[in-house]
$ cat run02.cif   # mmCIF, N, CA, C and O atoms
data_query
#
loop_
_atom_site.label_atom_id
_atom_site.label_comp_id
_atom_site.auth_asym_id
_atom_site.auth_seq_id
_atom_site.Cartn_x
_atom_site.Cartn_y
_atom_site.Cartn_z
N MET A 517 7.22 6.81 -12.65
CA MET A 517 5.78 6.81 -12.74
C MET A 517 5.16 6.03 -11.56
O MET A 517 4.16 6.44 -11.01
N GLN A 518 5.80 4.92 -11.23
CA GLN A 518 5.30 4.09 -10.14
C GLN A 518 5.40 4.82 -8.81
O GLN A 518 4.51 4.69 -7.96
N THR A 519 6.42 5.61 -8.62
CA THR A 519 6.59 6.37 -7.38
C THR A 519 5.52 7.44 -7.24
O THR A 519 5.00 7.66 -6.14
N ILE A 520 5.17 8.08 -8.34
CA ILE A 520 4.13 9.11 -8.31
C ILE A 520 2.78 8.49 -7.96
O ILE A 520 2.04 9.01 -7.12
N ILE A 521 2.47 7.35 -8.59
CA ILE A 521 1.19 6.69 -8.30
C ILE A 521 1.16 6.19 -6.86
O ILE A 521 0.12 6.25 -6.20
N LEU A 522 2.29 5.70 -6.37
CA LEU A 522 2.35 5.25 -4.98
C LEU A 522 2.13 6.41 -4.00
O LEU A 522 1.44 6.26 -2.99
N SER A 523 2.69 7.56 -4.31
CA SER A 523 2.49 8.74 -3.46
C SER A 523 1.02 9.17 -3.45
O SER A 523 0.45 9.48 -2.40
N ILE A 524 0.40 9.18 -4.63
CA ILE A 524 -1.02 9.52 -4.73
C ILE A 524 -1.86 8.49 -3.97
O ILE A 524 -2.82 8.84 -3.28
N HIS A 525 -1.48 7.23 -4.06
CA HIS A 525 -2.19 6.15 -3.39
C HIS A 525 -2.16 6.32 -1.86
O HIS A 525 -3.18 6.14 -1.19
N ILE A 526 -1.03 6.70 -1.33
CA ILE A 526 -0.91 6.91 0.12
C ILE A 526 -1.73 8.11 0.56
O ILE A 526 -2.42 8.07 1.59
N ILE A 527 -1.70 9.19 -0.22
CA ILE A 527 -2.50 10.38 0.11
C ILE A 527 -3.99 10.05 0.07
O ILE A 527 -4.75 10.46 0.95
N LEU A 528 -4.40 9.27 -0.94
CA LEU A 528 -5.80 8.88 -1.03
C LEU A 528 -6.21 7.99 0.14
O LEU A 528 -7.33 8.12 0.66
N ALA A 529 -5.33 7.11 0.57
CA ALA A 529 -5.65 6.22 1.69
C ALA A 529 -5.84 7.01 2.98
O ALA A 529 -6.80 6.77 3.73
N ILE A 530 -4.97 7.96 3.23
CA ILE A 530 -5.08 8.77 4.45
C ILE A 530 -6.34 9.62 4.41
O ILE A 530 -7.09 9.71 5.39
N SER A 531 -6.62 10.24 3.26
CA SER A 531 -7.81 11.09 3.17
C SER A 531 -9.09 10.26 3.24
O SER A 531 -10.10 10.72 3.79
N LEU A 532 -9.06 9.04 2.74
CA LEU A 532 -10.23 8.17 2.83
C LEU A 532 -10.53 7.78 4.28
O LEU A 532 -11.67 7.80 4.71
N VAL A 533 -9.49 7.49 5.02
CA VAL A 533 -9.68 7.16 6.44
C VAL A 533 -10.23 8.36 7.19
O VAL A 533 -11.16 8.24 8.01
N VAL A 534 -9.70 9.54 6.94
CA VAL A 534 -10.16 10.75 7.62
C VAL A 534 -11.62 11.03 7.28
O VAL A 534 -12.44 11.34 8.16
N LEU A 535 -11.98 10.92 6.00
CA LEU A 535 -13.37 11.20 5.61
C LEU A 535 -14.35 10.20 6.21
O LEU A 535 -15.47 10.57 6.58
N ILE A 536 -13.96 8.97 6.30
CA ILE A 536 -14.84 7.97 6.89
C ILE A 536 -15.03 8.23 8.39
O ILE A 536 -16.13 8.11 8.92
N LEU A 537 -13.97 8.64 9.06
CA LEU A 537 -14.09 8.93 10.49
C LEU A 537 -14.88 10.20 10.77
O LEU A 537 -15.48 10.33 11.84
N VAL A 538 -14.90 11.15 9.84
CA VAL A 538 -15.62 12.40 10.03
C VAL A 538 -17.13 12.20 9.89
O VAL A 538 -17.92 12.86 10.55
N GLN A 539 -17.53 11.25 9.05
CA GLN A 539 -18.96 11.06 8.79
C GLN A 539 -19.69 10.51 10.00
O GLN A 539 -19.13 9.74 10.79
N HIS A 540 -20.94 10.91 10.12
CA HIS A 540 -21.79 10.42 11.20
C HIS A 540 -22.45 9.12 10.77
O HIS A 540 -22.80 8.96 9.61
N GLY A 541 -22.66 8.26 11.71
CA GLY A 541 -23.37 7.03 11.42
C GLY A 541 -24.86 7.28 11.32
O GLY A 541 -25.36 8.37 11.58
N LYS A 542 -25.59 6.24 10.94
CA LYS A 542 -27.04 6.38 10.81
C LYS A 542 -27.71 6.55 12.18
O LYS A 542 -28.78 7.10 12.28
N GLY A 543 -27.08 6.10 13.23
CA GLY A 543 -27.63 6.25 14.56
C GLY A 543 -27.54 7.68 15.08
O GLY A 543 -28.22 8.04 16.03
N ALA A 544 -26.70 8.51 14.48
CA ALA A 544 -26.56 9.89 14.93
C ALA A 544 -27.81 10.71 14.59
O ALA A 544 -28.11 11.67 15.29
N ASP A 545 -28.55 10.33 13.56
CA ASP A 545 -29.77 11.05 13.21
C ASP A 545 -30.86 10.85 14.25
O ASP A 545 -31.66 11.73 14.50
N ALA A 546 -30.91 9.69 14.85
CA ALA A 546 -31.90 9.43 15.88
C ALA A 546 -31.63 10.29 17.12
O ALA A 546 -32.55 10.77 17.77
N GLY A 547 -30.37 10.52 17.43
CA GLY A 547 -30.02 11.39 18.56
C GLY A 547 -30.36 12.84 18.29
O GLY A 547 -30.71 13.59 19.20
N ALA A 548 -30.28 13.25 17.04
CA ALA A 548 -30.60 14.63 16.69
C ALA A 548 -32.09 14.89 16.81
O ALA A 548 -32.51 16.02 17.06
N ALA A 549 -32.90 13.86 16.65
CA ALA A 549 -34.35 14.04 16.76
C ALA A 549 -34.75 14.37 18.20
O ALA A 549 -35.79 15.00 18.42
N PHE A 550 -33.97 13.98 19.16
CA PHE A 550 -34.30 14.24 20.56
C PHE A 550 -33.60 15.47 21.12
O PHE A 550 -33.52 15.64 22.32
N GLY A 551 -33.05 16.31 20.25
CA GLY A 551 -32.54 17.59 20.68
C GLY A 551 -31.07 17.62 21.03
O GLY A 551 -30.64 18.49 21.78
N SER A 552 -30.25 16.73 20.49
CA SER A 552 -28.83 16.77 20.81
C SER A 552 -28.09 17.84 20.03
O SER A 552 -26.97 18.18 20.35
N GLY A 553 -28.70 18.37 18.98
CA GLY A 553 -28.09 19.46 18.23
C GLY A 553 -27.13 19.00 17.16
O GLY A 553 -26.42 19.81 16.57
N ALA A 554 -27.07 17.73 16.83
CA ALA A 554 -26.14 17.24 15.81
C ALA A 554 -26.60 17.57 14.41
O ALA A 554 -25.83 17.45 13.47
N SER A 555 -27.84 17.98 14.25
CA SER A 555 -28.34 18.23 12.89
C SER A 555 -27.96 19.61 12.37
O SER A 555 -28.14 19.89 11.20
N SER A 556 -27.46 20.50 13.20
CA SER A 556 -27.09 21.83 12.74
C SER A 556 -25.65 21.81 12.27
O SER A 556 -24.71 21.91 13.04
N THR A 557 -25.47 21.67 10.96
CA THR A 557 -24.14 21.61 10.36
C THR A 557 -23.99 22.72 9.34
O THR A 557 -24.93 23.44 9.03
N VAL A 558 -22.82 22.84 8.76
CA VAL A 558 -22.55 23.88 7.77
C VAL A 558 -23.37 23.65 6.51
O VAL A 558 -23.86 24.58 5.88
N PHE A 559 -23.54 22.38 6.11
CA PHE A 559 -24.21 22.06 4.85
C PHE A 559 -25.71 21.84 5.02
O PHE A 559 -26.38 21.48 4.09
N GLY A 560 -26.23 22.01 6.20
CA GLY A 560 -27.64 21.75 6.44
C GLY A 560 -27.82 20.37 7.05
O GLY A 560 -26.87 19.62 7.23
N ALA A 561 -29.05 20.04 7.36
CA ALA A 561 -29.31 18.78 8.04
C ALA A 561 -29.04 17.58 7.15
O ALA A 561 -28.48 16.58 7.58
N GLN A 562 -29.41 17.64 5.89
CA GLN A 562 -29.23 16.51 4.99
C GLN A 562 -28.05 16.73 4.04
O GLN A 562 -27.50 15.78 3.50
N GLY A 563 -27.63 17.96 3.83
CA GLY A 563 -26.61 18.28 2.83
C GLY A 563 -25.24 17.72 3.13
O GLY A 563 -24.51 17.33 2.22
N SER A 564 -24.83 17.66 4.37
CA SER A 564 -23.48 17.18 4.68
C SER A 564 -23.34 15.70 4.42
O SER A 564 -22.29 15.23 4.01
N ALA A 565 -24.40 14.94 4.64
CA ALA A 565 -24.32 13.50 4.41
C ALA A 565 -24.11 13.20 2.94
O ALA A 565 -23.28 12.38 2.58
N THR A 566 -24.84 13.87 2.07
CA THR A 566 -24.68 13.59 0.65
C THR A 566 -23.36 14.14 0.12
O THR A 566 -22.74 13.51 -0.73
N PHE A 567 -22.93 15.30 0.60
CA PHE A 567 -21.67 15.87 0.15
C PHE A 567 -20.49 14.97 0.55
O PHE A 567 -19.65 14.64 -0.29
N LEU A 568 -20.45 14.57 1.81
CA LEU A 568 -19.35 13.71 2.26
C LEU A 568 -19.42 12.33 1.61
O LEU A 568 -18.38 11.72 1.34
N THR A 569 -20.61 11.85 1.34
CA THR A 569 -20.76 10.56 0.68
C THR A 569 -20.22 10.61 -0.74
O THR A 569 -19.53 9.68 -1.20
N LYS A 570 -20.50 11.70 -1.45
CA LYS A 570 -20.01 11.83 -2.83
C LYS A 570 -18.49 11.96 -2.86
O LYS A 570 -17.82 11.35 -3.70
N ILE A 571 -17.93 12.74 -1.96
CA ILE A 571 -16.47 12.90 -1.90
C ILE A 571 -15.81 11.57 -1.54
O ILE A 571 -14.79 11.19 -2.12
N THR A 572 -16.39 10.85 -0.60
CA THR A 572 -15.84 9.55 -0.21
C THR A 572 -15.89 8.56 -1.36
O THR A 572 -14.95 7.79 -1.57
N THR A 573 -16.97 8.60 -2.13
CA THR A 573 -17.09 7.71 -3.29
C THR A 573 -16.03 8.01 -4.33
O THR A 573 -15.41 7.09 -4.88
N VAL A 574 -15.80 9.28 -4.61
CA VAL A 574 -14.78 9.65 -5.60
C VAL A 574 -13.39 9.25 -5.14
O VAL A 574 -12.60 8.69 -5.91
N ILE A 575 -13.09 9.47 -3.88
CA ILE A 575 -11.77 9.10 -3.36
C ILE A 575 -11.60 7.58 -3.32
O ILE A 575 -10.53 7.06 -3.63
N ALA A 576 -12.67 6.86 -2.99
CA ALA A 576 -12.59 5.39 -2.97
C ALA A 576 -12.37 4.83 -4.37
O ALA A 576 -11.56 3.91 -4.55
N LEU A 577 -13.05 5.38 -5.37
CA LEU A 577 -12.82 4.93 -6.75
C LEU A 577 -11.41 5.24 -7.21
O LEU A 577 -10.77 4.42 -7.89
N SER A 578 -10.90 6.41 -6.84
CA SER A 578 -9.51 6.75 -7.19
C SER A 578 -8.52 5.82 -6.50
O SER A 578 -7.52 5.42 -7.09
N PHE A 579 -8.83 5.46 -5.25
CA PHE A 579 -7.98 4.53 -4.51
C PHE A 579 -7.93 3.17 -5.19
O PHE A 579 -6.88 2.56 -5.32
N PHE A 580 -9.09 2.68 -5.65
CA PHE A 580 -9.13 1.39 -6.34
C PHE A 580 -8.37 1.45 -7.66
O PHE A 580 -7.68 0.50 -8.04
N LEU A 581 -8.48 2.56 -8.38
CA LEU A 581 -7.76 2.69 -9.65
C LEU A 581 -6.25 2.72 -9.44
O LEU A 581 -5.49 2.11 -10.21
N THR A 582 -5.80 3.43 -8.41
CA THR A 582 -4.36 3.43 -8.14
C THR A 582 -3.89 2.07 -7.65
O THR A 582 -2.77 1.65 -7.95
N SER A 583 -4.75 1.34 -6.94
CA SER A 583 -4.40 -0.02 -6.51
C SER A 583 -4.21 -0.93 -7.72
O SER A 583 -3.25 -1.71 -7.79
N LEU A 584 -5.14 -0.84 -8.66
CA LEU A 584 -5.03 -1.67 -9.87
C LEU A 584 -3.82 -1.30 -10.71
O LEU A 584 -3.14 -2.18 -11.25
N SER A 585 -3.52 -0.01 -10.81
CA SER A 585 -2.35 0.39 -11.60
C SER A 585 -1.05 -0.03 -10.92
O SER A 585 -0.10 -0.44 -11.60
N LEU A 586 -0.99 0.03 -9.60
CA LEU A 586 0.22 -0.45 -8.90
C LEU A 586 0.38 -1.96 -9.05
O LEU A 586 1.50 -2.46 -9.19
N ALA A 587 -0.73 -2.68 -9.03
CA ALA A 587 -0.66 -4.13 -9.25
C ALA A 587 -0.21 -4.45 -10.67
O ALA A 587 0.56 -5.39 -10.89
N TYR A 588 -0.65 -3.66 -11.64
CA TYR A 588 -0.22 -3.85 -13.03
C TYR A 588 1.28 -3.59 -13.18
O TYR A 588 1.98 -4.36 -13.84
N PHE A 589 1.76 -2.52 -12.56
CA PHE A 589 3.20 -2.24 -12.63
C PHE A 589 4.01 -3.33 -11.95
O PHE A 589 5.10 -3.69 -12.41
N ALA A 590 3.52 -3.85 -10.85
CA ALA A 590 4.25 -4.90 -10.13
C ALA A 590 4.30 -6.20 -10.92
O ALA A 590 5.28 -6.93 -10.85
N SER A 591 3.26 -6.49 -11.69
CA SER A 591 3.25 -7.73 -12.46
C SER A 591 4.09 -7.64 -13.72
O SER A 591 4.52 -8.66 -14.25
N ASN A 592 4.35 -6.44 -14.21
CA ASN A 592 5.11 -6.29 -15.45
C ASN A 592 6.59 -5.99 -15.23
O ASN A 592 7.30 -5.78 -16.20
N THR A 593 7.06 -5.95 -14.02
CA THR A 593 8.47 -5.69 -13.78
C THR A 593 9.26 -6.97 -13.99
O THR A 593 8.81 -8.06 -13.63
N SER A 594 10.42 -6.86 -14.58
CA SER A 594 11.25 -8.03 -14.80
C SER A 594 12.01 -8.36 -13.52
O SER A 594 12.40 -7.47 -12.78
N PRO A 595 12.23 -9.64 -13.26
CA PRO A 595 12.95 -10.00 -12.04
C PRO A 595 14.41 -9.57 -12.12
O PRO A 595 15.01 -9.50 -13.19
N VAL A 596 14.99 -9.30 -11.01
CA VAL A 596 16.38 -8.88 -10.93
C VAL A 596 17.26 -10.09 -11.21
O VAL A 596 17.07 -11.16 -10.65
N SER A 597 18.25 -9.93 -12.09
CA SER A 597 19.07 -11.08 -12.49
C SER A 597 20.12 -11.44 -11.44
O SER A 597 20.55 -12.58 -11.36
N ASP A 598 20.53 -10.51 -10.63
CA ASP A 598 21.55 -10.78 -9.62
C ASP A 598 20.90 -10.94 -8.24
O ASP A 598 21.22 -10.24 -7.30
N SER A 599 19.98 -11.86 -8.13
CA SER A 599 19.33 -12.04 -6.85
C SER A 599 20.15 -12.95 -5.95
O SER A 599 21.01 -13.70 -6.39
N LEU A 600 19.87 -12.91 -4.70
CA LEU A 600 20.58 -13.70 -3.71
C LEU A 600 20.30 -15.18 -3.88
O LEU A 600 21.19 -16.02 -3.71
N ILE A 601 19.08 -15.53 -4.24
CA ILE A 601 18.73 -16.94 -4.40
C ILE A 601 19.47 -17.56 -5.58
O ILE A 601 19.95 -18.68 -5.50
N GLU A 602 19.58 -16.82 -6.69
CA GLU A 602 20.30 -17.34 -7.84
C GLU A 602 21.78 -17.50 -7.53
O GLU A 602 22.43 -18.43 -8.02
N ASN A 603 22.34 -16.62 -6.73
CA ASN A 603 23.76 -16.72 -6.39
C ASN A 603 24.04 -17.89 -5.47
O ASN A 603 25.12 -18.48 -5.52
N THR A 604 23.12 -18.28 -4.62
CA THR A 604 23.37 -19.39 -3.71
C THR A 604 23.22 -20.73 -4.42
O THR A 604 23.81 -21.72 -3.99
N ASN A 605 22.48 -20.79 -5.51
CA ASN A 605 22.32 -22.05 -6.23
C ASN A 605 23.51 -22.37 -7.13
O ASN A 605 23.73 -23.51 -7.49
N GLN A 606 24.29 -21.38 -7.48
CA GLN A 606 25.44 -21.60 -8.35
C GLN A 606 26.65 -22.00 -7.51
O GLN A 606 26.90 -21.44 -6.45
N PRO A 607 27.41 -22.99 -7.99
CA PRO A 607 28.60 -23.38 -7.22
C PRO A 607 29.67 -22.29 -7.28
O PRO A 607 29.85 -21.62 -8.28
N GLN A 608 30.34 -22.12 -6.17
CA GLN A 608 31.39 -21.12 -6.10
C GLN A 608 32.72 -21.82 -6.36
O GLN A 608 32.99 -22.90 -5.85
N THR A 609 33.57 -21.18 -7.14
CA THR A 609 34.83 -21.82 -7.55
C THR A 609 35.97 -21.53 -6.59
O THR A 609 36.97 -22.24 -6.60
N ASN A 610 35.89 -20.55 -5.75
CA ASN A 610 37.00 -20.16 -4.89
C ASN A 610 37.00 -20.84 -3.53
O ASN A 610 37.90 -20.63 -2.74
N THR A 611 36.02 -21.62 -3.23
CA THR A 611 35.94 -22.23 -1.91
C THR A 611 36.33 -23.70 -1.98
O THR A 611 36.17 -24.37 -2.99
N LYS A 612 36.85 -24.20 -0.87
CA LYS A 612 37.21 -25.60 -0.76
C LYS A 612 36.17 -26.34 0.07
O LYS A 612 35.58 -25.75 0.96
N PRO A 613 35.94 -27.60 -0.20
CA PRO A 613 35.05 -28.35 0.68
C PRO A 613 35.67 -28.48 2.07
O PRO A 613 36.89 -28.40 2.25
N LEU A 614 34.83 -28.67 3.06
CA LEU A 614 35.32 -28.73 4.44
C LEU A 614 36.23 -29.93 4.68
O LEU A 614 37.13 -29.89 5.52
N ASP A 615 36.04 -31.01 3.93
CA ASP A 615 36.88 -32.21 4.11
C ASP A 615 38.32 -31.98 3.63
O ASP A 615 39.25 -32.61 4.12
N SER A 616 38.53 -31.08 2.69
CA SER A 616 39.86 -30.89 2.13
C SER A 616 40.68 -29.86 2.88
O SER A 616 41.82 -29.61 2.52
N ILE A 617 40.14 -29.24 3.93
CA ILE A 617 40.89 -28.24 4.70
C ILE A 617 41.86 -28.98 5.63
O ILE A 617 41.47 -29.87 6.38
N ASP A 618 43.11 -28.59 5.56
CA ASP A 618 44.13 -29.19 6.41
C ASP A 618 44.19 -28.39 7.71
O ASP A 618 44.27 -27.16 7.68
N THR A 619 44.17 -29.06 8.81
CA THR A 619 44.20 -28.36 10.10
C THR A 619 45.57 -27.76 10.39
O THR A 619 45.71 -26.92 11.26
N LYS A 620 46.58 -28.14 9.66
CA LYS A 620 47.91 -27.54 9.84
C LYS A 620 47.94 -26.11 9.35
O LYS A 620 48.78 -25.33 9.79
N ASP A 621 47.04 -25.78 8.42
CA ASP A 621 47.01 -24.41 7.87
C ASP A 621 46.37 -23.43 8.84
O ASP A 621 46.53 -22.21 8.70
N LEU A 622 45.63 -23.91 9.80
CA LEU A 622 44.96 -23.03 10.75
C LEU A 622 45.95 -22.51 11.79
O LEU A 622 46.87 -23.20 12.19
N PRO A 623 45.79 -21.31 12.28
CA PRO A 623 46.75 -20.75 13.26
C PRO A 623 46.58 -21.35 14.64
O PRO A 623 45.66 -21.84 15.09
#
$ encode --input "run02.cif" --output "structure tokens"
Amino acid sequence: MQTIILSIHIILAISLVVLILVQHGKGADAGAAFGSGASSTVFGAQGSATFLTKITTVIALSFFLTSLSLAYFASNTSPVSDSLIENTNQPQTNTKPLDSIDTKDLP
């Protein structure tokens, strides 16, 4: 389940970035008033701004929901019992201290 939500989260993040980059800023309307031709779009002069704004809002809300669900899953996972830190804190029985090594045993 966590993998599916993570995949959806990545897709939402990429699409959110693309939608934000596609939108025109508020300064682009001032340029259209002087004849730059930016106001002639598929959705009309005002229609594209509201359409892209609504789509961006829906994707942003979905992104936040997947973020919260991933954080919930991360907080409820149990820690791994065989971690490296736990293994280093436990004394090992097969090793000798460095003081007890006889140099005659070395080749």
$ resolve_selection --input "run02.cif" --expression "the PyMOL selection byres (((chain A and resi 529 and name CA) around 12) and name CA)" --output "list in words"
Leu522, Ser523, Ile524, His525, Ile526, Ile527, Leu528, Ile530, Ser531, Leu532, Val533, Val534, Leu535, Ile536, Thr572, Ile575, Ala576, Leu577, Ser578, Phe579, Phe580, Thr582 and Ser583 of chain A
$ atom_distance --input "run02.cif" --atom1 "CA of Leu586 in chain A" --atom2 "CA of Phe567 in chain A"
28.8 Å
$ atom_distance --input "run02.cif" --atom1 "CA of Gln539 in chain A" --atom2 "CA of Leu568 in chain A"
7.1 Å
$ atom_distance --input "run02.cif" --atom1 "CA of Thr573 in chain A" --atom2 "atom N of Gly541 in chain A"
16.0 Å
